[in-house]
>>> print(open('run_30.cif').read())   # mmCIF, C-alpha atoms and all ligand atoms
data_entry
#
loop_
_atom_site.label_atom_id
_atom_site.label_comp_id
_atom_site.auth_asym_id
_atom_site.auth_seq_id
_atom_site.Cartn_x
_atom_site.Cartn_y
_atom_site.Cartn_z
CA MET A 1 0.00 0.00 0.00
CA SER A 2 1.44 3.40 -1.00
CA THR A 3 -1.31 5.48 0.52
CA LEU A 4 -3.81 4.88 3.27
CA HIS A 5 -7.05 3.15 2.26
CA PHE A 6 -10.25 2.57 4.20
CA ASP A 7 -9.69 -1.19 3.88
CA ASP A 8 -6.40 -0.85 5.80
CA ILE A 9 -8.32 0.68 8.67
CA ARG A 10 -11.03 -1.99 8.57
CA ALA A 11 -8.31 -4.66 8.64
CA ALA A 12 -6.65 -2.88 11.57
CA ALA A 13 -9.95 -2.93 13.46
CA VAL A 14 -10.06 -6.73 13.11
CA ARG A 15 -6.47 -7.05 14.40
CA LEU A 16 -7.15 -4.75 17.34
CA ARG A 17 -10.44 -6.32 18.41
CA GLY A 18 -10.17 -7.44 22.02
CA GLN A 19 -6.54 -6.22 22.25
CA VAL A 20 -7.22 -2.52 22.94
CA ALA A 21 -10.22 -1.00 24.67
CA ASP A 22 -13.23 0.00 22.56
CA THR A 23 -13.50 3.13 24.69
CA PRO A 24 -16.84 4.87 25.33
CA CYS A 25 -18.02 7.67 23.04
CA LEU A 26 -20.53 9.71 25.01
CA HIS A 27 -22.63 12.83 24.51
CA SER A 28 -21.81 15.65 26.92
CA ARG A 29 -24.88 17.65 27.77
CA THR A 30 -23.08 20.38 29.70
CA LEU A 31 -20.18 20.86 27.27
CA SER A 32 -22.72 20.99 24.44
CA GLN A 33 -24.51 23.85 26.16
CA MET A 34 -21.23 25.67 26.73
CA CYS A 35 -19.92 25.22 23.19
CA GLY A 36 -23.15 25.88 21.26
CA CYS A 37 -22.91 22.56 19.42
CA GLU A 38 -23.51 18.91 20.28
CA VAL A 39 -20.31 17.48 21.80
CA TYR A 40 -19.41 13.78 21.81
CA LEU A 41 -16.31 12.62 23.70
CA LYS A 42 -14.25 9.56 22.84
CA PHE A 43 -12.46 8.51 26.01
CA GLU A 44 -9.10 7.28 24.66
CA ASN A 45 -7.57 8.36 27.96
CA HIS A 46 -9.19 5.13 29.26
CA GLN A 47 -6.77 2.93 27.30
CA PHE A 48 -4.46 0.91 29.58
CA THR A 49 -1.47 3.21 28.88
CA ALA A 50 -3.86 6.19 28.85
CA SER A 51 -3.57 7.11 25.17
CA PHE A 52 -4.69 6.04 21.69
CA LYS A 53 -1.07 5.35 20.71
CA GLU A 54 -1.53 1.64 21.52
CA ARG A 55 -3.69 1.26 18.41
CA GLY A 56 -1.11 2.25 15.80
CA ALA A 57 1.75 0.51 17.59
CA LEU A 58 -0.18 -2.74 17.89
CA ASN A 59 -1.42 -2.67 14.30
CA LYS A 60 2.16 -2.25 13.10
CA MET A 61 3.64 -4.98 15.32
CA ALA A 62 0.84 -7.45 14.55
CA GLN A 63 1.89 -7.42 10.88
CA LEU A 64 5.56 -8.30 11.41
CA SER A 65 6.91 -11.58 10.11
CA GLU A 66 8.08 -14.29 12.52
CA ALA A 67 11.71 -13.33 11.87
CA GLU A 68 11.02 -9.62 12.49
CA ARG A 69 9.17 -10.45 15.69
CA ALA A 70 12.06 -12.54 16.92
CA ARG A 71 14.57 -9.72 16.32
CA GLY A 72 12.31 -7.17 18.00
CA VAL A 73 11.16 -3.57 17.59
CA LEU A 74 12.55 -0.13 18.34
CA ALA A 75 10.78 3.16 18.92
CA VAL A 76 12.11 6.64 19.56
CA SER A 77 9.78 8.43 21.94
CA ALA A 78 9.67 9.93 25.40
CA GLY A 79 5.93 9.85 25.63
CA ASN A 80 2.74 7.96 24.90
CA HIS A 81 4.12 6.13 21.87
CA ALA A 82 6.92 4.64 23.99
CA GLN A 83 4.40 3.20 26.43
CA GLY A 84 2.08 1.94 23.70
CA VAL A 85 4.90 0.09 21.94
CA ALA A 86 6.43 -1.27 25.16
CA TYR A 87 3.11 -2.49 26.56
CA HIS A 88 1.93 -4.35 23.46
CA ALA A 89 5.41 -5.69 22.64
CA GLN A 90 5.44 -7.24 26.09
CA ARG A 91 1.96 -8.72 25.58
CA MET A 92 3.03 -10.16 22.23
CA GLY A 93 6.36 -11.46 23.55
CA LEU A 94 8.46 -9.15 21.32
CA PRO A 95 11.73 -7.66 22.55
CA ALA A 96 11.32 -3.86 22.57
CA THR A 97 13.98 -1.17 22.66
CA ILE A 98 12.89 2.39 23.34
CA VAL A 99 15.26 5.28 22.74
CA MET A 100 14.55 8.46 24.68
CA PRO A 101 16.52 11.70 24.71
CA ARG A 102 18.74 12.12 27.78
CA PHE A 103 16.42 14.82 29.19
CA ALA A 104 13.41 12.44 29.35
CA PRO A 105 11.82 12.59 32.81
CA THR A 106 12.76 9.65 35.04
CA VAL A 107 9.11 8.83 35.58
CA LYS A 108 8.64 8.21 31.83
CA VAL A 109 11.79 6.12 31.66
CA GLU A 110 10.63 4.04 34.62
CA ASN A 111 7.04 3.65 33.35
CA THR A 112 8.34 2.34 30.03
CA ARG A 113 10.85 -0.02 31.71
CA ARG A 114 7.99 -1.41 33.76
CA PHE A 115 6.57 -2.82 30.52
CA GLY A 116 9.75 -4.82 30.07
CA ALA A 117 11.33 -2.64 27.37
CA GLU A 118 15.02 -1.88 27.21
CA VAL A 119 15.11 1.91 27.57
CA LEU A 120 18.19 3.74 26.33
CA THR A 121 18.62 7.45 26.96
CA LEU A 122 20.73 8.79 24.09
CA GLY A 123 21.23 12.25 22.63
CA ASP A 124 20.74 15.74 24.00
CA THR A 125 17.85 16.65 21.71
CA PHE A 126 14.97 14.69 20.28
CA ASP A 127 16.58 14.79 16.84
CA ASP A 128 19.82 13.35 18.28
CA ALA A 129 17.83 10.58 19.95
CA ARG A 130 16.10 9.81 16.64
CA LEU A 131 19.45 9.53 14.87
CA HIS A 132 20.80 7.19 17.55
CA GLY A 133 17.60 5.15 17.30
CA LEU A 134 17.85 4.75 13.53
CA GLN A 135 21.49 3.67 13.75
CA LEU A 136 20.71 1.20 16.51
CA ALA A 137 17.73 -0.29 14.66
CA GLU A 138 19.93 -0.78 11.61
CA ALA A 139 22.82 -2.27 13.59
CA ARG A 140 20.60 -4.70 15.54
CA GLY A 141 18.16 -5.51 12.73
CA LEU A 142 15.19 -4.15 14.71
CA THR A 143 11.95 -2.96 13.09
CA LEU A 144 11.32 0.73 13.66
CA VAL A 145 7.82 1.55 14.92
CA HIS A 146 7.42 5.17 13.86
CA PRO A 147 5.04 7.28 16.00
CA TYR A 148 3.09 8.60 13.00
CA ASP A 149 4.77 8.43 9.58
CA ASP A 150 3.86 4.83 8.84
CA LEU A 151 0.71 3.61 7.06
CA ALA A 152 0.16 0.73 9.50
CA VAL A 153 0.39 3.11 12.43
CA MET A 154 -2.05 5.55 10.80
CA ALA A 155 -4.46 2.71 10.03
CA GLY A 156 -4.44 1.69 13.71
CA GLN A 157 -5.23 5.26 14.79
CA GLY A 158 -8.00 5.41 12.18
CA THR A 159 -9.97 2.73 14.05
CA ILE A 160 -10.99 5.44 16.53
CA ALA A 161 -13.20 7.03 13.87
CA LEU A 162 -14.85 3.68 13.08
CA GLU A 163 -15.78 3.23 16.73
CA MET A 164 -16.97 6.83 17.13
CA LEU A 165 -19.27 6.76 14.11
CA ALA A 166 -20.64 3.35 15.09
CA ALA A 167 -21.40 4.52 18.63
CA GLN A 168 -22.71 8.00 17.64
CA PRO A 169 -23.91 7.90 14.02
CA ASP A 170 -25.10 11.54 14.22
CA ILE A 171 -21.56 12.96 14.41
CA ASP A 172 -20.99 15.26 11.41
CA THR A 173 -17.68 16.86 12.42
CA LEU A 174 -14.44 15.56 13.95
CA VAL A 175 -11.94 17.74 15.78
CA VAL A 176 -8.59 16.04 16.27
CA ALA A 177 -5.25 16.92 17.90
CA VAL A 178 -2.34 16.98 15.44
CA GLY A 179 1.30 16.28 16.27
CA GLY A 180 3.04 14.42 13.45
CA GLY A 181 -0.39 13.85 11.87
CA GLY A 182 -0.84 10.06 12.13
CA LEU A 183 -4.00 10.26 14.22
CA ILE A 184 -5.84 12.72 11.98
CA SER A 185 -4.68 10.99 8.76
CA GLY A 186 -6.15 7.70 9.93
CA MET A 187 -9.33 9.21 11.33
CA ALA A 188 -10.01 11.43 8.30
CA THR A 189 -9.53 8.49 5.93
CA ALA A 190 -12.00 6.31 7.85
CA ALA A 191 -14.52 9.07 8.46
CA ARG A 192 -14.63 10.26 4.83
CA ALA A 193 -15.16 6.73 3.60
CA LEU A 194 -18.05 6.15 5.99
CA ARG A 195 -19.60 9.63 5.78
CA PRO A 196 -18.46 11.50 2.67
CA GLY A 197 -19.96 14.78 3.92
CA ILE A 198 -18.24 14.75 7.31
CA GLN A 199 -15.95 17.65 8.23
CA VAL A 200 -12.58 16.99 9.84
CA PHE A 201 -10.54 19.69 11.57
CA GLY A 202 -7.08 19.40 13.08
CA VAL A 203 -5.87 21.36 16.08
CA GLN A 204 -2.34 22.44 16.96
CA THR A 205 -0.96 24.77 19.60
CA GLU A 206 0.16 28.28 18.70
CA ARG A 207 3.60 27.24 19.97
CA PHE A 208 3.94 24.22 17.66
CA PRO A 209 1.96 24.87 14.45
CA PRO A 210 3.97 23.15 11.66
CA VAL A 211 1.00 21.52 9.91
CA TRP A 212 -1.03 24.73 10.19
CA SER A 213 2.00 26.60 8.77
CA ALA A 214 2.38 24.18 5.87
CA LEU A 215 -1.32 24.42 4.97
CA HIS A 216 -1.41 28.21 5.29
CA ASN A 217 1.99 28.71 3.65
CA GLU A 218 2.94 30.85 6.61
CA PRO A 219 6.14 29.76 8.37
CA ARG A 220 6.12 30.15 12.14
CA ASP A 221 8.71 29.31 14.77
CA CYS A 222 8.32 26.26 16.97
CA GLY A 223 10.10 25.40 20.09
CA GLN A 224 8.71 27.16 23.16
CA ALA A 225 7.53 24.66 25.72
CA THR A 226 3.81 23.88 25.62
CA ILE A 227 1.44 22.22 28.02
CA ALA A 228 0.40 19.98 25.10
CA ASP A 229 3.76 18.17 24.98
CA GLY A 230 2.19 15.17 23.18
CA ILE A 231 1.74 17.29 20.03
CA ALA A 232 4.95 19.32 20.26
CA VAL A 233 6.28 17.99 16.96
CA LYS A 234 8.43 20.33 14.85
CA SER A 235 7.76 18.91 11.41
CA PRO A 236 4.85 16.94 9.94
CA GLY A 237 5.43 13.53 8.40
CA ALA A 238 6.33 13.01 4.75
CA LEU A 239 3.40 10.59 4.46
CA THR A 240 0.94 12.38 6.73
CA LEU A 241 1.16 15.90 5.28
CA PRO A 242 -0.18 15.02 1.79
CA LEU A 243 -3.00 13.00 3.40
CA ILE A 244 -3.89 15.94 5.63
CA ARG A 245 -3.88 18.31 2.65
CA GLU A 246 -6.22 15.97 0.79
CA ARG A 247 -8.57 14.76 3.54
CA VAL A 248 -8.73 17.42 6.26
CA ASP A 249 -10.98 20.49 6.02
CA GLY A 250 -8.88 22.87 8.06
CA MET A 251 -6.42 23.42 10.87
CA LEU A 252 -7.13 25.51 13.97
CA LEU A 253 -4.74 26.94 16.56
CA VAL A 254 -5.26 27.25 20.29
CA GLY A 255 -3.21 28.95 22.99
CA GLU A 256 -1.89 27.70 26.31
CA ASP A 257 -4.69 29.35 28.29
CA ASP A 258 -7.33 27.76 26.04
CA ILE A 259 -5.77 24.33 26.64
CA GLU A 260 -5.64 24.82 30.40
CA GLN A 261 -9.31 25.81 30.35
CA GLY A 262 -10.10 22.63 28.39
CA ILE A 263 -8.26 20.45 30.90
CA LEU A 264 -10.15 22.07 33.77
CA LEU A 265 -13.57 21.78 32.14
CA LEU A 266 -13.04 18.10 31.38
CA LEU A 267 -11.97 17.53 34.96
CA GLU A 268 -14.80 19.49 36.54
CA ILE A 269 -17.63 18.61 34.20
CA GLU A 270 -16.74 15.17 32.89
CA LYS A 271 -14.62 14.08 35.91
CA THR A 272 -11.95 12.90 33.52
CA VAL A 273 -8.20 13.63 33.45
CA VAL A 274 -6.61 14.59 30.14
CA GLU A 275 -3.14 15.82 29.26
CA GLY A 276 -2.68 19.02 27.25
CA ALA A 277 -3.00 17.32 23.85
CA GLY A 278 -6.20 15.65 25.06
CA ALA A 279 -7.82 19.05 25.68
CA VAL A 280 -6.97 20.91 22.46
CA GLY A 281 -10.16 19.72 20.72
CA LEU A 282 -12.41 21.19 23.40
CA ALA A 283 -10.21 24.31 23.48
CA ALA A 284 -10.80 24.72 19.73
CA LEU A 285 -14.59 24.38 20.10
CA LEU A 286 -14.60 27.12 22.71
CA LYS A 287 -12.23 29.39 20.81
CA HIS A 288 -13.80 28.95 17.36
CA ARG A 289 -17.47 28.67 18.40
CA GLU A 290 -18.96 30.18 15.25
CA ARG A 291 -17.37 27.50 13.07
CA PHE A 292 -19.06 24.68 14.98
CA ALA A 293 -22.41 26.28 15.86
CA GLY A 294 -25.20 23.71 15.66
CA ARG A 295 -22.92 20.88 14.49
CA LYS A 296 -22.51 17.45 16.05
CA VAL A 297 -18.87 17.31 16.94
CA GLY A 298 -16.81 14.30 17.97
CA LEU A 299 -13.70 15.03 20.08
CA VAL A 300 -10.99 12.52 20.95
CA LEU A 301 -9.71 12.73 24.51
CA CYS A 302 -6.51 11.28 23.13
CA GLY A 303 -4.34 11.10 26.22
CA GLY A 304 -4.44 11.30 29.99
CA ASN A 305 -0.77 11.28 30.92
CA ILE A 306 -0.27 14.53 32.78
CA GLU A 307 2.13 15.07 35.68
CA PRO A 308 0.12 15.48 38.91
CA LEU A 309 2.05 18.62 39.85
CA VAL A 310 1.30 20.23 36.50
CA LEU A 311 -2.36 19.36 36.93
CA ALA A 312 -2.35 20.82 40.45
CA GLU A 313 -0.92 24.11 39.12
CA ILE A 314 -3.51 24.26 36.35
CA ILE A 315 -6.32 23.72 38.84
CA GLN A 316 -5.04 26.49 41.10
CA ARG A 317 -4.46 28.93 38.25
CA GLY A 318 -7.93 28.17 36.87
CA MET A 319 -9.59 28.81 40.22
CA VAL A 320 -7.76 32.09 40.62
CA LYS A 321 -8.72 33.16 37.08
CA SER A 322 -12.38 32.36 37.65
CA GLY A 323 -12.36 34.21 40.97
CA ARG A 324 -12.99 31.11 43.03
CA LEU A 325 -9.68 31.25 44.80
CA VAL A 326 -8.22 34.36 46.31
CA ARG A 327 -4.82 34.12 47.85
CA LEU A 328 -3.62 36.84 50.15
CA ARG A 329 -0.23 36.69 51.78
CA PHE A 330 0.64 39.12 54.51
CA ASP A 331 3.03 39.30 57.37
CA VAL A 332 1.56 40.15 60.77
CA ARG A 333 2.61 40.10 64.35
CA ASP A 334 1.08 37.12 66.10
CA VAL A 335 -0.81 39.16 68.68
CA PRO A 336 -4.55 39.53 69.30
CA GLY A 337 -6.14 42.11 67.01
CA SER A 338 -3.56 42.00 64.22
CA LEU A 339 -5.85 40.20 61.76
CA ALA A 340 -8.60 42.70 62.51
CA GLU A 341 -6.17 45.46 61.56
CA VAL A 342 -5.46 43.75 58.26
CA ALA A 343 -9.17 43.23 57.61
CA ALA A 344 -9.88 46.88 58.19
CA ALA A 345 -7.24 47.83 55.62
CA LEU A 346 -8.67 45.60 52.88
CA PRO A 347 -11.36 46.56 50.32
CA ALA A 348 -14.88 45.57 51.37
CA ARG A 349 -15.24 42.63 48.95
CA LEU A 350 -12.31 40.88 50.62
CA HIS A 351 -13.60 41.26 54.16
CA HIS A 352 -15.54 38.06 53.72
CA ALA A 353 -12.35 36.16 52.98
CA VAL A 354 -10.69 37.54 56.03
CA GLY A 355 -13.72 36.38 57.99
CA GLY A 356 -12.24 32.96 57.39
CA ALA A 357 -9.11 34.02 59.11
CA ARG A 358 -11.23 34.77 62.08
CA ALA A 359 -12.79 31.33 61.70
CA ASP A 360 -9.33 30.18 62.67
CA ARG A 361 -10.15 31.74 65.94
CA GLY A 362 -13.77 30.75 66.12
CA GLY A 363 -15.84 32.64 63.49
CA GLY A 364 -16.51 32.98 59.74
CA ALA A 365 -17.69 30.54 57.11
CA ASN A 366 -16.93 29.58 53.55
CA THR A 367 -13.20 30.29 53.77
CA ARG A 368 -10.04 28.55 54.80
CA CYS A 369 -7.10 30.14 56.47
CA SER A 370 -3.76 28.44 56.67
CA PRO A 371 -0.73 29.80 58.41
CA CYS A 372 1.89 28.80 55.88
CA ARG A 373 5.08 29.74 57.65
CA THR A 374 5.76 29.54 61.32
CA ASP A 375 8.12 31.50 63.52
CA SER A 376 10.83 28.91 63.17
CA GLU A 377 10.92 29.36 59.36
CA GLN A 378 10.81 33.12 59.47
CA PRO A 379 12.88 35.26 61.79
CA ALA A 380 10.78 37.43 64.10
CA ARG A 381 11.20 41.11 63.58
CA ALA A 382 11.20 43.66 66.41
CA GLY A 383 11.34 40.74 68.83
CA LEU A 384 7.69 39.81 68.22
CA PRO A 385 6.52 36.40 66.93
CA ARG A 386 5.15 36.62 63.36
CA ARG A 387 3.08 34.41 61.12
CA THR A 388 2.43 34.60 57.41
CA HIS A 389 -1.25 33.95 56.72
CA ARG A 390 -2.52 32.50 53.49
CA LEU A 391 -6.22 32.85 52.84
CA ALA A 392 -8.01 30.86 50.25
CA ARG A 393 -11.66 31.74 49.57
CA LEU A 394 -13.81 28.85 48.49
CA PRO A 395 -16.86 29.19 46.25
CA GLY A 396 -20.04 30.11 48.06
C1 LIG B 1 -2.02 12.49 23.61
C2 LIG B 1 -1.65 12.68 22.18
N1 LIG B 1 -2.54 13.27 21.39
C3 LIG B 1 -2.28 13.49 20.08
C4 LIG B 1 -1.08 13.10 19.53
C5 LIG B 1 -0.85 13.39 18.07
O1 LIG B 1 -0.74 12.26 17.30
P1 LIG B 1 -0.04 12.36 15.88
O2 LIG B 1 1.44 12.52 16.13
O3 LIG B 1 -0.36 11.07 15.23
O4 LIG B 1 -0.60 13.54 15.20
C6 LIG B 1 -0.14 12.45 20.32
C7 LIG B 1 1.13 12.01 19.77
O5 LIG B 1 1.97 11.47 20.44
C8 LIG B 1 -0.42 12.23 21.68
O6 LIG B 1 0.43 11.61 22.50
#
>>> encode(input="run_30.cif", output="structure tokens")
Amino acid sequence: MSTLHFDDIRAAAVRLRGQVADTPCLHSRTLSQMCGCEVYLKFENHQFTASFKERGALNKMAQLSEAERARGVLAVSAGNHAQGVAYHAQRMGLPATIVMPRFAPTVKVENTRRFGAEVLTLGDTFDDARLHGLQLAEARGLTLVHPYDDLAVMAGQGTIALEMLAAQPDIDTLVVAVGGGGLISGMATAARALRPGIQVFGVQTERFPPVWSALHNEPRDCGQATIADGIAVKSPGALTLPLIRERVDGMLLVGEDDIEQGILLLLEIEKTVVEGAGAVGLAALLKHRERFAGRKVGLVLCGGNIEPLVLAEIIQRGMVKSGRLVRLRFDVRDVPGSLAEVAAALPARLHHAVGGARADRGGGANTRCSPCRTDSEQPARAGLPRRTHRLARLPG
């Protein structure tokens, strides 16, 4: 096969049956109201390794010859693809080597090793790691499992669209995160074959827009860190870009704040955890509302691997932005009446919050007050004991 055909995706679906989760695809009443269109969510963050990447990796490895299986596979990735390859290689009894750049977080290295893969950290940049990986695959006779620029990998990812349209036949639009473009190439191919009139849009971040740039003939720099690290890919694939040009209706960009808002909404409304790339679809619906008004839109929650500390920061920032969390830090002498002095100096709308500080001493409601540094951590000035108070106002 020199291009991706619908039959490749149907064949992939047969190979994958029972080997990866047929994740739920559910209508979201609340998000639909917020976005002004009907929203359907495909929960690929429920896969065992918490991303759709298992599909493409498995479809590729399932087609290897006996000899190729015996020699093993190699992937270059520090993210979801590494885990997808390692997990299914282990299930299939294939030796797997994963090459990660030296800066890969230890947690990702360890998670991938846990699936029995040999993990090598080589190269100071991702491109260096890729070069090392290619050389190693050649030297050891290993089959490279590319994260996106491979027709078998794209066909595996395309099975998501089959499942979505079977579960929710009304869907008339798909909005899909784009990194190297394997996911959208597979999904657009399947969706167009099943529903010729369907619209398919890709989403990238403003910080990594290479496919958007290629389609709009407008070069833009990449490289600044983004919360959507899963789609921080500097150049589209040689195979994926022509497919995207041919089968995708348009590319949309979203910013870091839009993505954080998407993560928070999915957490609060759907009670589901997604990583940055998993939230760009919802971010695009909110940012480009007019384009989707009245349509029936399928979104893929494509990954759920987010560092807990990053998630915690996003939650806090979101609550501050929406006015549900007010944090005041002030230094007072730890003597009766000092908080009352502070309260008197604050604008009226914050008095309520300071009421919580009094709750510390027996009054107030709806607020929490936490002394965050004690005398021992902070030298007393003027010989008087001091405390730094941190007030967090909770929603009423
Ligand atoms: C969570 C997540 N979403 C989307 C993508 C984009 O997939 P593709 O590179 O096939 O465009 C990736 C790629 O790794 C990913 O990990």
>>> residues_around(input="run_30.cif", residues="Pro169 in chain A", least_positions_apart="2", cutoff="12 Å", atoms="only C-alpha atoms", output="number ranges by chain")
A: 25-27, 40, 161-167, 171-173, 191, 194-195, 198, 296-298
>>> residues_near_ligand(input="run_30.cif", ligand="ligand LIG 1 (chain B)", cutoff="6 Å", atoms="all atoms listed in the file", output="PyMOL selection string")
chain A and resi 51+80-81+148+177-183+230-231+277-278+302-303
>>> atom_distance(input="run_30.cif", atom1="CA of Leu174 in chain A", atom2="CA of Gly156 in chain A")
17.1 Å
>>> closest_residue(input="run_30.cif", among="A:Thr106, A:Thr112, A:Thr49, A:Gln33", to="Ala82 in chain A", atoms="only C-alpha atoms")
A:Thr112
>>> closest_residue(input="run_30.cif", among="A:Glu268, A:Val85, A:Val335, A:Ala21", to="Asn59 in chain A", atoms="all atoms listed in the file")
A:Val85
>>> residues_around(input="run_30.cif", residues="Phe103 in chain A", least_positions_apart="6", cutoff="12 Å", atoms="all atoms listed in the file", output="MDAnalysis selection string")
chainID A and resid 77:78 109 120:126 128:129
>>> atom_distance(input="run_30.cif", atom1="CA of Met100 in chain A", atom2="CA of Leu131 in chain A")
11.0 Å
>>> closest_residue(input="run_30.cif", among="A:Ile263, A:Ile306, A:Met154, A:Val248", to="Lys108 in chain A", atoms="all atoms listed in the file")
A:Ile306
>>> closest_atom_pairs(input="run_30.cif", of="range 189-263 of chain A", to="range 1-10 of chain A", cutoff="12 Å", atoms="all atoms listed in the file", output="tab-separated table")
residue	atom	partner	partner_atom	distance
A:Thr189	CA	A:Phe6	CA	6.2
A:Ala190	CA	A:Phe6	CA	5.5
A:Ala191	CA	A:Phe6	CA	8.9
A:Arg192	CA	A:Phe6	CA	8.9
A:Ala193	CA	A:Phe6	CA	6.5
A:Leu194	CA	A:Phe6	CA	8.8
A:Arg195	CA	A:Phe6	CA	11.8
A:Ala238	CA	A:Thr3	CA	11.5
A:Leu239	CA	A:Thr3	CA	8.0
A:Thr240	CA	A:Leu4	CA	9.5
A:Leu241	CA	A:Thr3	CA	11.7
A:Pro242	CA	A:Thr3	CA	9.7
A:Leu243	CA	A:Leu4	CA	8.2
A:Ile244	CA	A:Leu4	CA	11.3
A:Glu246	CA	A:Thr3	CA	11.6
A:Arg247	CA	A:Leu4	CA	11.0
>>> residues_near_point(input="run_30.cif", point="(10.9, -1.7, 30.7)", cutoff="10 Å", atoms="only C-alpha atoms", output="list of chain:residue names")
A:Gln83, A:Ala86, A:Tyr87, A:Gln90, A:Ala96, A:Thr97, A:Ile98, A:Val109, A:Glu110, A:Asn111, A:Thr112, A:Arg113, A:Arg114, A:Phe115, A:Gly116, A:Ala117, A:Glu118, A:Val119
>>> atom_distance(input="run_30.cif", atom1="CA of Val73 in chain A", atom2="CA of Arg55 in chain A")
15.6 Å
>>> closest_residue(input="run_30.cif", among="A:Gln199, A:Ser32, A:Gln168, A:Thr272", to="Arg291 in chain A", atoms="only C-alpha atoms")
A:Gln199
>>> residues_around(input="run_30.cif", residues="range 273-276 of chain A", least_positions_apart="5", cutoff="9 Å", atoms="only C-alpha atoms", output="ChimeraX atom specification")
/A:45,50,226-231,256,259-260,262-264,266-267,301-307,311
>>> residues_around(input="run_30.cif", residues="range 205-212 of chain A", least_positions_apart="4", cutoff="8 Å", atoms="all atoms listed in the file", output="MDAnalysis selection string")
chainID A and resid 178 216 219:226 228 231:236 241 251:256 280
>>> closest_residue(input="run_30.cif", among="A:Leu299, A:Ala348, A:Val326, A:Val332", to="Phe43 in chain A", atoms="all atoms listed in the file")
A:Leu299
